[in-house]
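Text of the file coords-v5.cif, holding mmCIF, C-alpha atoms and all ligand atoms:
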```
data_model
loop_
_atom_site.label_atom_id
_atom_site.label_comp_id
_atom_site.auth_asym_id
_atom_site.auth_seq_id
_atom_site.Cartn_x
_atom_site.Cartn_y
_atom_site.Cartn_z
CA MET Q 1 16.44 31.21 25.14
CA LYS Q 2 19.20 33.75 25.83
CA LYS Q 3 18.91 37.50 25.13
CA ASN Q 4 20.66 38.50 21.91
CA ILE Q 5 23.67 40.71 22.48
CA GLU Q 6 24.26 42.02 18.98
CA PRO Q 7 21.46 43.50 16.88
CA CYS Q 8 20.56 41.21 14.03
CA TYR Q 9 20.43 42.78 10.56
CA TYR Q 10 18.09 41.34 7.89
CA GLY Q 11 20.56 41.24 5.01
CA ASP Q 12 23.42 39.86 7.12
CA TYR Q 13 21.26 37.24 8.78
CA LEU Q 14 20.08 35.89 5.42
CA GLN Q 15 23.50 36.37 3.78
CA LEU Q 16 21.83 38.09 0.86
CA ASP Q 17 25.14 39.27 -0.52
CA LYS Q 18 25.91 35.62 -1.30
CA ILE Q 19 22.48 34.60 -2.53
CA LEU Q 20 21.77 37.70 -4.61
CA GLY Q 21 25.28 37.73 -5.98
CA ALA Q 22 25.06 34.19 -7.29
CA GLN Q 23 23.39 34.67 -10.67
CA SER Q 24 26.01 34.75 -13.41
CA LEU Q 25 24.63 34.29 -16.88
CA GLU Q 26 26.64 31.95 -19.11
CA SER Q 27 25.30 33.82 -22.13
CA LYS Q 28 26.81 37.06 -20.82
CA LYS Q 29 30.25 35.45 -20.65
CA TYR Q 30 29.97 34.84 -24.39
CA GLY Q 31 28.93 38.46 -24.99
CA GLU Q 32 25.32 37.56 -25.85
CA PRO Q 33 23.32 38.09 -22.63
CA ALA Q 34 19.97 36.28 -22.83
CA HIS Q 35 17.22 37.98 -20.83
CA ASP Q 36 15.54 34.68 -19.86
CA GLU Q 37 18.61 32.98 -18.48
CA MET Q 38 18.06 34.95 -15.25
CA LEU Q 39 14.71 33.20 -14.78
CA PHE Q 40 16.29 29.82 -15.61
CA ILE Q 41 18.98 30.27 -12.96
CA ILE Q 42 16.69 31.64 -10.26
CA VAL Q 43 14.09 28.88 -10.72
CA HIS Q 44 16.81 26.24 -10.36
CA GLN Q 45 18.29 27.95 -7.32
CA VAL Q 46 14.90 28.13 -5.64
CA TYR Q 47 14.46 24.38 -6.33
CA GLU Q 48 17.83 23.61 -4.80
CA LEU Q 49 16.90 25.59 -1.67
CA TRP Q 50 13.65 23.66 -1.34
CA PHE Q 51 15.54 20.39 -1.92
CA LYS Q 52 17.77 21.41 0.97
CA GLN Q 53 14.78 21.96 3.24
CA VAL Q 54 13.14 18.69 2.14
CA LEU Q 55 16.37 16.79 2.85
CA HIS Q 56 16.59 18.46 6.26
CA GLU Q 57 13.13 17.12 7.13
CA LEU Q 58 13.69 13.75 5.51
CA ASN Q 59 16.98 13.16 7.34
CA ALA Q 60 15.31 13.98 10.64
CA VAL Q 61 12.56 11.46 9.82
CA ILE Q 62 15.18 8.84 8.91
CA ASP Q 63 17.01 9.47 12.20
CA THR Q 64 13.76 8.98 14.11
CA PHE Q 65 13.16 5.65 12.37
CA THR Q 66 16.68 4.38 12.83
CA PRO Q 67 16.38 3.02 16.41
CA GLU Q 68 14.62 -0.36 16.62
CA ARG Q 69 11.53 1.05 18.32
CA LEU Q 70 9.43 4.14 17.79
CA SER Q 71 7.09 5.78 20.30
CA ASP Q 72 3.80 7.29 19.24
CA THR Q 73 5.13 10.76 20.16
CA ASP Q 74 7.96 10.11 17.68
CA LEU Q 75 5.37 9.16 15.10
CA ILE Q 76 3.50 12.46 15.57
CA GLY Q 77 6.74 14.33 14.80
CA VAL Q 78 7.41 12.15 11.76
CA VAL Q 79 3.95 12.73 10.29
CA HIS Q 80 4.26 16.46 10.91
CA ARG Q 81 7.56 16.61 9.03
CA LEU Q 82 6.32 14.49 6.17
CA ASN Q 83 3.32 16.79 5.81
CA ARG Q 84 5.68 19.74 5.59
CA ILE Q 85 7.55 17.97 2.79
CA ILE Q 86 4.25 17.43 0.97
CA GLN Q 87 3.42 21.16 1.10
CA ILE Q 88 6.87 22.02 -0.29
CA GLN Q 89 6.40 19.45 -3.05
CA GLN Q 90 3.12 21.12 -3.98
CA LEU Q 91 4.99 24.39 -4.35
CA MET Q 92 7.72 22.71 -6.41
CA ASN Q 93 5.11 21.23 -8.74
CA ASP Q 94 3.36 24.58 -9.18
CA GLN Q 95 6.69 26.24 -9.88
CA ILE Q 96 7.01 24.40 -13.20
CA SER Q 97 4.51 26.87 -14.69
CA VAL Q 98 6.82 29.78 -13.85
CA MET Q 99 9.58 28.09 -15.88
CA GLU Q 100 7.07 27.46 -18.66
CA THR Q 101 6.56 31.19 -19.18
CA MET Q 102 9.88 30.93 -21.06
CA THR Q 103 9.29 30.00 -24.70
CA PRO Q 104 11.33 27.29 -26.48
CA GLN Q 105 13.01 30.00 -28.57
CA GLN Q 106 13.95 32.04 -25.53
CA PHE Q 107 15.51 28.88 -24.08
CA LEU Q 108 17.41 28.13 -27.28
CA ALA Q 109 19.07 31.56 -27.03
CA PHE Q 110 21.32 30.23 -24.23
CA ARG Q 111 20.83 26.43 -24.14
CA ASP Q 112 24.03 25.49 -26.00
CA TYR Q 113 26.15 27.24 -23.39
CA LEU Q 114 24.95 24.75 -20.78
CA VAL Q 115 26.30 21.54 -22.38
CA PRO Q 116 26.98 18.99 -20.81
CA ALA Q 117 25.30 20.16 -17.57
CA SER Q 118 21.79 18.98 -16.73
CA GLY Q 119 19.55 18.05 -13.82
CA PHE Q 120 21.33 14.65 -13.82
CA GLN Q 121 23.98 16.48 -11.84
CA SER Q 122 21.61 17.74 -9.15
CA ILE Q 123 23.13 15.91 -6.21
CA GLN Q 124 20.39 17.03 -3.86
CA PHE Q 125 17.71 15.57 -6.15
CA LYS Q 126 19.62 12.27 -6.31
CA ARG Q 127 20.07 12.32 -2.53
CA LEU Q 128 16.34 12.76 -2.20
CA GLU Q 129 15.61 9.81 -4.48
CA ILE Q 130 18.14 7.57 -2.74
CA SER Q 131 17.10 8.54 0.78
CA LEU Q 132 13.49 7.80 -0.05
CA GLY Q 133 14.43 4.35 -1.37
CA LEU Q 134 15.28 4.44 -5.06
CA LYS Q 135 18.09 1.91 -5.42
CA ARG Q 136 20.33 1.67 -8.46
CA GLU Q 137 18.84 -1.72 -9.32
CA TYR Q 138 15.41 -0.09 -9.73
CA ARG Q 139 16.65 2.59 -12.11
CA ILE Q 140 16.01 2.12 -15.82
CA ASP Q 141 18.92 0.81 -17.90
CA PHE Q 142 20.13 4.15 -19.29
CA ASP Q 143 20.15 5.63 -15.81
CA LYS Q 144 21.99 2.66 -14.28
CA GLN Q 145 25.08 3.54 -16.35
CA SER Q 146 24.70 7.28 -16.69
CA PHE Q 147 23.73 7.94 -13.12
CA TYR Q 148 27.26 7.92 -11.78
CA SER Q 149 29.30 8.50 -14.92
CA ARG Q 150 28.49 12.21 -15.15
CA LEU Q 151 29.49 13.16 -11.63
CA THR Q 152 32.70 14.27 -9.96
CA ASP Q 153 34.50 11.60 -7.89
CA GLU Q 154 33.46 13.39 -4.71
CA ASP Q 155 29.76 13.49 -5.61
CA ARG Q 156 29.83 9.87 -6.77
CA ALA Q 157 31.38 8.76 -3.48
CA LEU Q 158 28.77 10.70 -1.52
CA LEU Q 159 25.85 9.08 -3.36
CA GLU Q 160 27.35 5.60 -3.20
CA GLY Q 161 27.81 6.05 0.54
CA LEU Q 162 24.17 7.04 0.85
CA GLU Q 163 23.03 4.00 -1.15
CA ALA Q 164 24.71 1.78 1.41
CA LYS Q 165 22.62 3.26 4.25
CA PRO Q 166 19.04 2.20 5.03
CA SER Q 167 16.56 4.34 3.13
CA LEU Q 168 13.23 5.57 4.48
CA PHE Q 169 11.53 2.80 2.51
CA GLU Q 170 13.64 0.14 4.22
CA LEU Q 171 13.18 1.66 7.67
CA VAL Q 172 9.42 1.91 7.28
CA ASP Q 173 9.35 -1.66 5.97
CA ARG Q 174 11.25 -2.88 9.01
CA TRP Q 175 8.98 -0.94 11.37
CA LEU Q 176 5.81 -2.28 9.75
CA ALA Q 177 7.16 -5.83 9.72
CA ARG Q 178 7.74 -5.69 13.47
CA LEU Q 179 4.21 -4.64 14.39
CA PRO Q 180 2.53 -7.66 15.93
CA LEU Q 181 -0.72 -7.36 13.99
CA LEU Q 182 -0.99 -10.73 12.43
CA LYS Q 183 -2.60 -12.94 14.99
CA THR Q 184 -3.64 -12.85 18.64
CA ALA Q 185 -5.08 -15.60 20.82
CA ASP Q 186 -8.74 -14.83 20.19
CA PHE Q 187 -8.59 -13.17 16.79
CA ASP Q 188 -7.44 -14.51 13.46
CA PHE Q 189 -8.11 -11.64 11.10
CA TRP Q 190 -6.46 -13.31 8.13
CA GLN Q 191 -8.70 -16.33 8.14
CA HIS Q 192 -11.74 -14.07 8.07
CA TYR Q 193 -10.14 -11.84 5.46
CA LYS Q 194 -9.42 -14.77 3.15
CA GLN Q 195 -13.05 -15.89 3.20
CA ALA Q 196 -14.30 -12.37 2.53
CA THR Q 197 -11.90 -11.77 -0.36
CA ASP Q 198 -12.84 -15.11 -1.94
CA THR Q 199 -16.46 -13.94 -2.00
CA LEU Q 200 -15.50 -10.57 -3.48
CA LEU Q 201 -13.25 -12.04 -6.15
CA ASN Q 202 -15.77 -14.67 -7.18
CA ASN Q 203 -18.39 -11.94 -7.55
CA ASP Q 204 -16.03 -10.02 -9.83
CA LYS Q 205 -15.44 -13.14 -11.93
CA ASP Q 206 -19.21 -13.73 -12.30
CA THR Q 207 -19.66 -10.09 -13.35
CA ILE Q 208 -17.06 -10.45 -16.10
CA GLU Q 209 -18.40 -13.79 -17.32
CA ASN Q 210 -21.98 -12.50 -17.48
CA ASN Q 211 -21.15 -9.17 -19.09
CA ASP Q 212 -22.74 -9.44 -22.55
CA THR Q 213 -21.38 -6.09 -23.68
CA LEU Q 214 -17.84 -7.55 -23.81
CA SER Q 215 -16.51 -9.28 -26.92
CA ASP Q 216 -14.89 -12.70 -26.43
CA LYS Q 217 -11.46 -11.09 -26.76
CA GLU Q 218 -12.27 -8.39 -24.19
CA LYS Q 219 -13.69 -11.02 -21.85
CA ARG Q 220 -10.54 -13.12 -22.11
CA GLN Q 221 -8.42 -10.04 -21.40
CA GLU Q 222 -10.47 -9.09 -18.34
CA LEU Q 223 -10.36 -12.66 -17.07
CA ASN Q 224 -6.59 -12.67 -17.47
CA ASP Q 225 -6.35 -9.47 -15.43
CA TRP Q 226 -8.70 -10.99 -12.87
CA GLN Q 227 -6.45 -14.06 -12.70
CA SER Q 228 -3.38 -11.98 -11.91
CA THR Q 229 -5.28 -10.08 -9.21
CA ARG Q 230 -6.28 -13.49 -7.83
CA GLU Q 231 -2.61 -14.54 -7.78
CA ASN Q 232 -1.65 -11.36 -5.97
CA PHE Q 233 -4.34 -12.03 -3.37
CA ASP Q 234 -3.23 -15.64 -2.94
CA ALA Q 235 0.33 -14.44 -2.42
CA LEU Q 236 -0.81 -12.47 0.64
CA PHE Q 237 -1.54 -15.78 2.36
CA ASP Q 238 1.47 -17.66 1.05
CA SER Q 239 4.90 -16.31 1.87
CA SER Q 240 6.78 -18.32 -0.76
CA GLN Q 241 4.39 -17.21 -3.52
CA TYR Q 242 4.76 -13.66 -2.21
CA ALA Q 243 8.55 -13.99 -2.36
CA SER Q 244 8.48 -15.08 -5.98
CA LEU Q 245 6.17 -12.20 -7.00
CA ARG Q 246 8.46 -9.86 -5.07
CA LYS Q 247 11.40 -11.11 -7.13
CA GLU Q 248 9.48 -10.10 -10.24
CA ASP Q 249 9.05 -6.61 -8.67
CA LYS Q 250 5.29 -7.07 -8.31
CA PHE Q 251 5.74 -6.15 -4.65
CA ARG Q 252 8.54 -4.20 -2.98
CA LEU Q 253 7.49 -4.32 0.67
CA SER Q 254 8.41 -7.43 2.64
CA HIS Q 255 5.53 -9.86 3.20
CA LYS Q 256 5.08 -8.99 6.86
CA ALA Q 257 5.23 -5.24 6.21
CA MET Q 258 2.64 -5.64 3.48
CA LEU Q 259 0.23 -7.43 5.80
CA SER Q 260 0.73 -4.88 8.58
CA ALA Q 261 0.12 -1.98 6.22
CA LEU Q 262 -2.98 -3.67 4.90
CA PHE Q 263 -4.26 -4.22 8.41
CA ILE Q 264 -3.61 -0.58 9.29
CA LYS Q 265 -5.43 0.61 6.18
CA GLN Q 266 -8.38 -1.68 6.88
CA TYR Q 267 -8.77 -0.38 10.42
CA SER Q 268 -7.57 3.19 9.82
CA GLU Q 269 -10.42 4.69 11.84
CA ALA Q 270 -9.52 2.79 14.99
CA PRO Q 271 -7.71 5.37 17.17
CA ILE Q 272 -4.76 3.04 17.66
CA PHE Q 273 -4.17 2.82 13.91
CA ASN Q 274 -4.79 6.42 13.06
CA LEU Q 275 -1.20 7.65 13.36
CA PRO Q 276 0.29 4.70 11.45
CA PHE Q 277 -2.40 5.31 8.84
CA GLN Q 278 -1.40 8.97 8.59
CA LEU Q 279 2.20 7.86 8.09
CA ILE Q 280 1.24 5.53 5.23
CA THR Q 281 -0.96 8.22 3.70
CA ALA Q 282 1.82 10.82 3.88
CA LEU Q 283 4.32 8.48 2.20
CA THR Q 284 1.77 7.72 -0.51
CA GLU Q 285 1.29 11.44 -1.04
CA ILE Q 286 5.06 12.08 -1.25
CA ASP Q 287 5.40 9.39 -3.91
CA GLU Q 288 2.42 10.81 -5.82
CA LYS Q 289 3.71 14.38 -5.71
CA LEU Q 290 7.19 13.30 -6.84
CA THR Q 291 5.63 11.36 -9.72
CA ILE Q 292 3.57 14.42 -10.66
CA TRP Q 293 6.76 16.50 -10.62
CA ARG Q 294 8.52 14.01 -12.91
CA TYR Q 295 5.54 14.04 -15.25
CA ARG Q 296 5.25 17.84 -15.35
CA HIS Q 297 9.01 18.18 -15.87
CA ALA Q 298 8.84 15.64 -18.73
CA MET Q 299 5.94 17.57 -20.32
CA MET Q 300 7.86 20.83 -19.97
CA VAL Q 301 10.86 19.18 -21.64
CA GLN Q 302 8.70 18.00 -24.53
CA ARG Q 303 7.36 21.51 -24.93
CA MET Q 304 10.85 23.06 -24.86
CA LEU Q 305 12.77 20.45 -26.84
CA GLY Q 306 10.29 18.21 -28.67
CA THR Q 307 12.32 15.05 -29.27
CA LYS Q 308 15.78 16.69 -29.18
CA ILE Q 309 18.32 14.83 -27.02
CA GLY Q 310 19.21 16.33 -23.64
CA THR Q 311 22.35 18.27 -22.78
CA GLY Q 312 23.06 15.48 -20.26
CA GLY Q 313 23.06 12.88 -23.05
CA SER Q 314 19.71 11.15 -22.52
CA SER Q 315 16.97 10.89 -25.11
CA GLY Q 316 15.27 13.80 -23.30
CA HIS Q 317 11.47 13.68 -23.05
CA HIS Q 318 11.28 9.95 -23.78
CA TYR Q 319 13.74 9.05 -21.02
CA LEU Q 320 12.07 11.32 -18.48
CA LYS Q 321 8.58 10.01 -19.27
CA LYS Q 322 9.79 6.46 -18.66
CA THR Q 323 11.15 7.38 -15.22
CA THR Q 324 7.77 8.74 -14.10
CA GLU Q 325 6.38 5.22 -13.68
CA SER Q 326 9.54 3.23 -13.11
CA ASN Q 327 10.98 5.38 -10.32
CA ARG Q 328 8.03 4.93 -7.97
CA ILE Q 329 9.02 4.08 -4.41
CA PHE Q 330 5.93 3.41 -2.34
CA SER Q 331 3.84 1.87 -5.12
CA ASP Q 332 2.71 -0.95 -2.81
CA PHE Q 333 0.75 1.59 -0.78
CA PHE Q 334 -1.11 2.55 -3.95
CA ASN Q 335 -1.78 -0.99 -5.17
CA MET Q 336 -2.98 -1.96 -1.73
CA ALA Q 337 -6.39 -0.53 -2.59
CA THR Q 338 -6.85 -3.72 -4.65
CA PHE Q 339 -6.95 -5.69 -1.42
CA LEU Q 340 -9.21 -3.46 0.67
CA LEU Q 341 -12.52 -4.74 1.96
CA PRO Q 342 -15.54 -2.52 2.55
CA LYS Q 343 -16.11 -1.73 6.21
CA ASP Q 344 -19.22 -3.90 6.51
CA MET Q 345 -17.20 -6.98 5.54
CA LEU Q 346 -14.64 -6.45 8.29
CA PRO Q 347 -14.77 -8.26 11.62
CA PRO Q 348 -14.82 -5.81 14.55
CA LEU Q 349 -11.47 -5.45 16.29
CA PRO Q 350 -11.65 -7.26 19.63
CA ALA Q 351 -10.83 -5.10 22.65
CA SER Q 352 -7.88 -7.38 23.46
CA VAL Q 353 -6.21 -6.50 20.15
CA SER Q 354 -6.61 -2.77 20.73
CA ARG Q 355 -5.26 -3.11 24.24
CA TYR Q 356 -2.28 -5.16 23.12
CA LEU Q 357 -1.47 -2.83 20.24
CA GLY Q 358 -2.11 0.24 22.35
CA PHE Q 359 0.60 -0.94 24.65
CA TYR Q 360 2.94 -1.79 21.80
CA LEU Q 361 2.50 1.44 19.85
CA SER Q 362 2.84 3.77 22.82
CA GLU Q 363 5.87 1.98 24.17
CA SER Q 364 9.13 3.89 23.88
CA THR Q 365 12.67 2.63 23.28
CA ALA Q 366 13.45 3.34 26.92
CA ASN Q 367 10.66 0.98 28.00
CA ASP Q 368 12.03 -1.96 26.07
CA SER Q 369 13.45 -3.66 29.09
CA ALA Q 370 10.12 -3.35 30.93
CA LYS Q 371 8.41 -5.56 28.32
C1 LIG Q 401 13.68 24.59 -19.67
C2 LIG Q 401 13.61 23.86 -18.61
C3 LIG Q 401 14.16 22.46 -18.52
C4 LIG Q 401 14.51 21.59 -19.48
C5 LIG Q 401 14.39 21.76 -21.00
C6 LIG Q 401 15.02 20.41 -18.85
C7 LIG Q 401 15.47 19.30 -19.52
C8 LIG Q 401 15.94 18.15 -18.92
C9 LIG Q 401 16.42 17.00 -19.64
C10 LIG Q 401 16.44 16.82 -21.13
C11 LIG Q 401 16.81 16.10 -18.70
C12 LIG Q 401 17.42 14.72 -18.94
C13 LIG Q 401 18.89 14.80 -18.82
C14 LIG Q 401 19.54 15.20 -20.12
O1 LIG Q 401 19.79 14.31 -20.92
O2 LIG Q 401 19.81 16.41 -20.29
C15 LIG Q 401 16.58 16.68 -17.40
C16 LIG Q 401 16.83 16.05 -16.20
C17 LIG Q 401 16.58 16.62 -14.99
N1 LIG Q 401 16.13 17.90 -14.74
FE1 LIG Q 401 15.57 19.23 -16.11
N2 LIG Q 401 14.97 20.58 -17.50
C18 LIG Q 401 14.45 21.83 -17.25
C19 LIG Q 401 14.23 22.40 -16.01
C20 LIG Q 401 14.49 21.79 -14.82
C21 LIG Q 401 14.25 22.38 -13.54
C22 LIG Q 401 13.63 23.75 -13.27
C23 LIG Q 401 14.67 21.48 -12.61
C24 LIG Q 401 14.62 21.71 -11.15
C25 LIG Q 401 15.58 21.40 -10.35
C26 LIG Q 401 15.16 20.32 -13.31
C27 LIG Q 401 15.66 19.19 -12.73
C28 LIG Q 401 16.06 18.06 -13.39
C29 LIG Q 401 16.45 16.83 -12.74
C30 LIG Q 401 16.51 16.60 -11.25
C31 LIG Q 401 16.78 15.93 -13.74
C32 LIG Q 401 17.23 14.48 -13.54
C33 LIG Q 401 15.99 13.63 -13.56
C34 LIG Q 401 16.25 12.14 -13.47
O3 LIG Q 401 17.37 11.71 -13.66
O4 LIG Q 401 15.29 11.41 -13.24
N3 LIG Q 401 15.04 20.55 -14.66
N4 LIG Q 401 16.06 17.94 -17.57
N1 LIG Q 402 18.99 19.21 -19.87
C1 LIG Q 402 18.47 20.45 -20.45
C2 LIG Q 402 19.27 21.61 -19.91
C3 LIG Q 402 18.78 21.90 -18.57
O1 LIG Q 402 17.60 21.92 -18.35
C4 LIG Q 402 19.72 22.21 -17.49
C5 LIG Q 402 21.02 22.59 -17.80
C6 LIG Q 402 21.89 22.95 -16.80
C7 LIG Q 402 21.48 22.94 -15.49
C8 LIG Q 402 20.19 22.56 -15.17
C9 LIG Q 402 19.32 22.17 -16.18
N2 LIG Q 402 18.05 21.82 -15.81
C10 LIG Q 402 17.49 20.61 -15.82
O2 LIG Q 402 17.84 19.66 -16.45
C11 LIG Q 402 18.49 20.40 -21.96
O3 LIG Q 402 18.76 19.34 -22.53
O4 LIG Q 402 18.16 21.41 -22.55
#
```
Let's see the structure in the file written out as structure tokens.
Amino acid sequence: MKKNIEPCYYGDYLQLDKILGAQSLESKKYGEPAHDEMLFIIVHQVYELWFKQVLHELNAVIDTFTPERLSDTDLIGVVHRLNRIIQIQQLMNDQISVMETMTPQQFLAFRDYLVPASGFQSIQFKRLEISLGLKREYRIDFDKQSFYSRLTDEDRALLEGLEAKPSLFELVDRWLARLPLLKTADFDFWQHYKQATDTLLNNDKDTIENNDTLSDKEKRQELNDWQSTRENFDALFDSSQYASLRKEDKFRLSHKAMLSALFIKQYSEAPIFNLPFQLITALTEIDEKLTIWRYRHAMMVQRMLGTKIGTGGSSGHHYLKKTTESNRIFSDFFNMATFLLPKDMLPPLPASVSRYLGFYLSESTANDSAK
């Protein structure tokens, strides 16, 4: 690092004149200044700053994943950055309660001045969703049309450009799919796994059938649910069945990525899988925290507006509540728990597998030609 020549001054360094001079109340322009609009503006500005930081980390993670191969040192950096994002998300979720100190009536004192603006126009939030992996086809119907119609041409072009690039979801999928975890010469995990899951599933079926506390209707319902779990399990061993369930959006990960992730989760305590496991866990956490934010925001909206429509033209609370479940990105990592076996049902990992994977995971892009 070089020695600084000019003295640095706090306010100049942070450009506080710009930041602290950027709160102009709409209500004041109309000659009716509303005390609480200051809070409304500052809370949104703080969110946008955190979005900026989250995007900064996320873009760095995406850049790391973009080359074909990833070294384990790269993976350490990725997990570190994702964990930083998670901490910021926690803060963003907690921040909702600061906004909620404003009462619905205090909000109504300036709300009409904001039409037709709304969070729909937060480009950084949309960038975050798209970069994580939320494609237009996954958005709910209202959002499919409205998503782009309320933006300036410039913003629309920016988001459409981003949609055309690989998202973190796609990059992680590709990385997982390339890990050679499926079969080695002396170890066929999947054959063993299939036998073990058959035993587990049949036990569950017996439990339902012999449960006298269930009515016939309840029993039928539980057996139906059991049947669809059975189909999901079968699809793990049958790529064409997997593909058809994937078409119905039952799975989003590719078949190979799904199996790799499952393998990693099963053997998460093996040192060689620990970093990949931390990656999967961090992505799960990011999805969960974003879902919690959507839910808390939707609750706040209900509290502020009841069932009034939004300034952005949506149905308000109802629309936002729907997006909490439908805008999930890494839901496969959550549902994967369905397929996990207890440790005592797992075959031990042969040393050859660890050695082989150890080589693969610690290999860097530069070493490719040496392979
Ligand atoms: C009094 C507080 C708030 C109310 C009543 C409110 C209300 C709403 C409503 C009704 C929508 C749906 C769009 C519409 O039709 O208007 C929306 C969307 C949105 N709001 Fe808020 N909001 C509030 C605070 C915030 C804050 C603090 C943020 C932080 C940045 C935020 C970010 C967003 C985002 C990103 C969307 C788009 C969500 C999506 O499309 O999935 N809102 N808000
Ligand atoms: N959509 C909100 C207004 C609102 O919350 C808002 C308005 C302008 C800029 C940001 C906003 N925040 C989140 O939607 C409403 O319908 O009251």
What are the centre and the three edge lengths of an axis-aligned box that wraps all atoms of ligand LIG 401 (chain Q) in the file, given that 4 Å is added to every side, written as JSON and rounded to one decimal in Å?
```
{"center_x": 16.7, "center_y": 18.0, "center_z": -15.7, "size_x": 14.2, "size_y": 21.2, "size_z": 18.8}
```
Open item on the list: List the spatial neighbours of region 245-258 of chain Q as JSON, numbers by chain - criterion: any atom at most 7 Å away, all atoms listed in the file, same-chain residues fewer than 6 positions off excluded.
Closed with: {"Q": [173, 176, 177, 239, 332]}
Write out the residues from the selection above, keeping C-alpha atoms, as a PDB file, in the frame of the given file.
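Printed below is again_8.pdb as written:
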```
ATOM      1  CA  ASP Q 173       9.350  -1.660   5.970  1.00  0.00           C
ATOM      2  CA  LEU Q 176       5.810  -2.280   9.750  1.00  0.00           C
ATOM      3  CA  ALA Q 177       7.160  -5.830   9.720  1.00  0.00           C
ATOM      4  CA  SER Q 239       4.900 -16.310   1.870  1.00  0.00           C
ATOM      5  CA  ASP Q 332       2.710  -0.950  -2.810  1.00  0.00           C
TER       6      ASP Q 332
END
```
Task: Residue nearest ligand LIG 401 (chain Q) - candidates Q:Asn83, Q:Ser118, Q:Asn203, Q:Gln106, atoms counted: only C-alpha atoms and all ligand atoms - done: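 Checking each candidate against ligand LIG 401 (chain Q), we get Q:Ser118 as the closest.
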- [ ] Return the single residue from Q:Phe273, Q:Trp175, Q:Tyr10, Q:Trp226 that is closest to Pro67 (chain Q), with distances computed using only C-alpha atoms.
- [x] Q:Trp175
Task: Length of the CA of Leu201 (chain Q) to CA of Leu349 (chain Q) vector [Å] - done: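 Spanning CA of Leu201 (chain Q) to CA of Leu349 (chain Q) is a straight-line distance of 23.5 Å.
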Open item on the list: Taking all atoms listed in the file into account, which residues have an atom no farther than 12 Å from ligand LIG 402 (chain Q)? I'd like them as a PyMOL selection string.
Closed with: chain Q and resi 25-26+37+39-45+47-48+96+99-100+104-123+125+294+297-298+300-317+319-320
Open item on the list: Applying 10 Å and only C-alpha atoms, which residues near Glu325 (chain Q) remain after dropping the ones on its own chain fewer than 6 positions away? List them as a ChimeraX atom specification.
Closed with: /Q:291,294-295,331
Open item on the list: For a quick check of understanding, using only C-alpha atoms and all ligand atoms, which of Q:Asp94, Q:Glu222, Q:Glu160, Q:Glu137 has the smallest distance to ligand LIG 401 (chain Q)?
Closed with: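 Using only C-alpha atoms and all ligand atoms, ligand LIG 401 (chain Q) sits closest to Q:Asp94.
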TODO: Using CA of Leu171 (chain Q) and CA of Ala282 (chain Q) as the two end points, give the distance in Å to one decimal.
DONE: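 A separation of 15.1 Å between them.
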TODO: May I have the protein, DNA and RNA residues with any atom at most 10 Å from the point (12.3, 2.2, 3.3), counting all atoms listed in the file, written as a PyMOL selection string?
DONE: chain Q and resi 62+65+130-134+166-175+252-253+329-330
- [ ] Name the residues in contact with Phe233 (chain Q) at a cut-off of 12 Å, using all atoms listed in the file, excluding same-chain residues fewer than 3 positions from it; report them as a count of residues only.
- [x] 32
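If you look at CA of Leu75 (chain Q) and CA of Ile286 (chain Q), they are 16.6 Å away from each other.
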Open item on the list: Measuring between all atoms listed in the file, which one of Q:Asn211, Q:Ser352, Q:Gln95, Q:Gln278 shows the shortest distance to ligand LIG 401 (chain Q)?
Closed with: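 Nearest candidate to ligand LIG 401 (chain Q) out of Q:Asn211, Q:Ser352, Q:Gln95, Q:Gln278: Q:Gln95.
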TODO: Find, counting all atoms listed in the file, the residue in Q:Arg328, Q:Arg178, Q:Lys165, Q:Lys3 that gets nearest to ligand LIG 401 (chain Q).
DONE: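 Closest residue, counting all atoms listed in the file: Q:Arg328.
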Determine, counting all atoms listed in the file, which protein, DNA and RNA residues have an atom within 12 Å of an atom of Asp344 (chain Q); residues of the same chain fewer than 2 positions away are not included. Present the result as an mmCIF file with C-alpha atoms, in the coordinates of the input.
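Output file result-v5.cif is given in full below:
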```cif
data_model
loop_
_atom_site.group_PDB
_atom_site.id
_atom_site.type_symbol
_atom_site.label_atom_id
_atom_site.label_comp_id
_atom_site.auth_asym_id
_atom_site.auth_seq_id
_atom_site.Cartn_x
_atom_site.Cartn_y
_atom_site.Cartn_z
ATOM 1 C CA ALA Q 196 -14.300 -12.370 2.530
ATOM 2 C CA GLN Q 266 -8.380 -1.680 6.880
ATOM 3 C CA TYR Q 267 -8.770 -0.380 10.420
ATOM 4 C CA LEU Q 340 -9.210 -3.460 0.670
ATOM 5 C CA LEU Q 341 -12.520 -4.740 1.960
ATOM 6 C CA PRO Q 342 -15.540 -2.520 2.550
ATOM 7 C CA LEU Q 346 -14.640 -6.450 8.290
ATOM 8 C CA PRO Q 347 -14.770 -8.260 11.620
ATOM 9 C CA PRO Q 348 -14.820 -5.810 14.550
#
```
Task: Option closest in space to Arg156 (chain Q), from Q:Tyr30, Q:Cys8, Q:Lys126, Q:Gln90 [counting all atoms listed in the file] - done: Q:Lys126
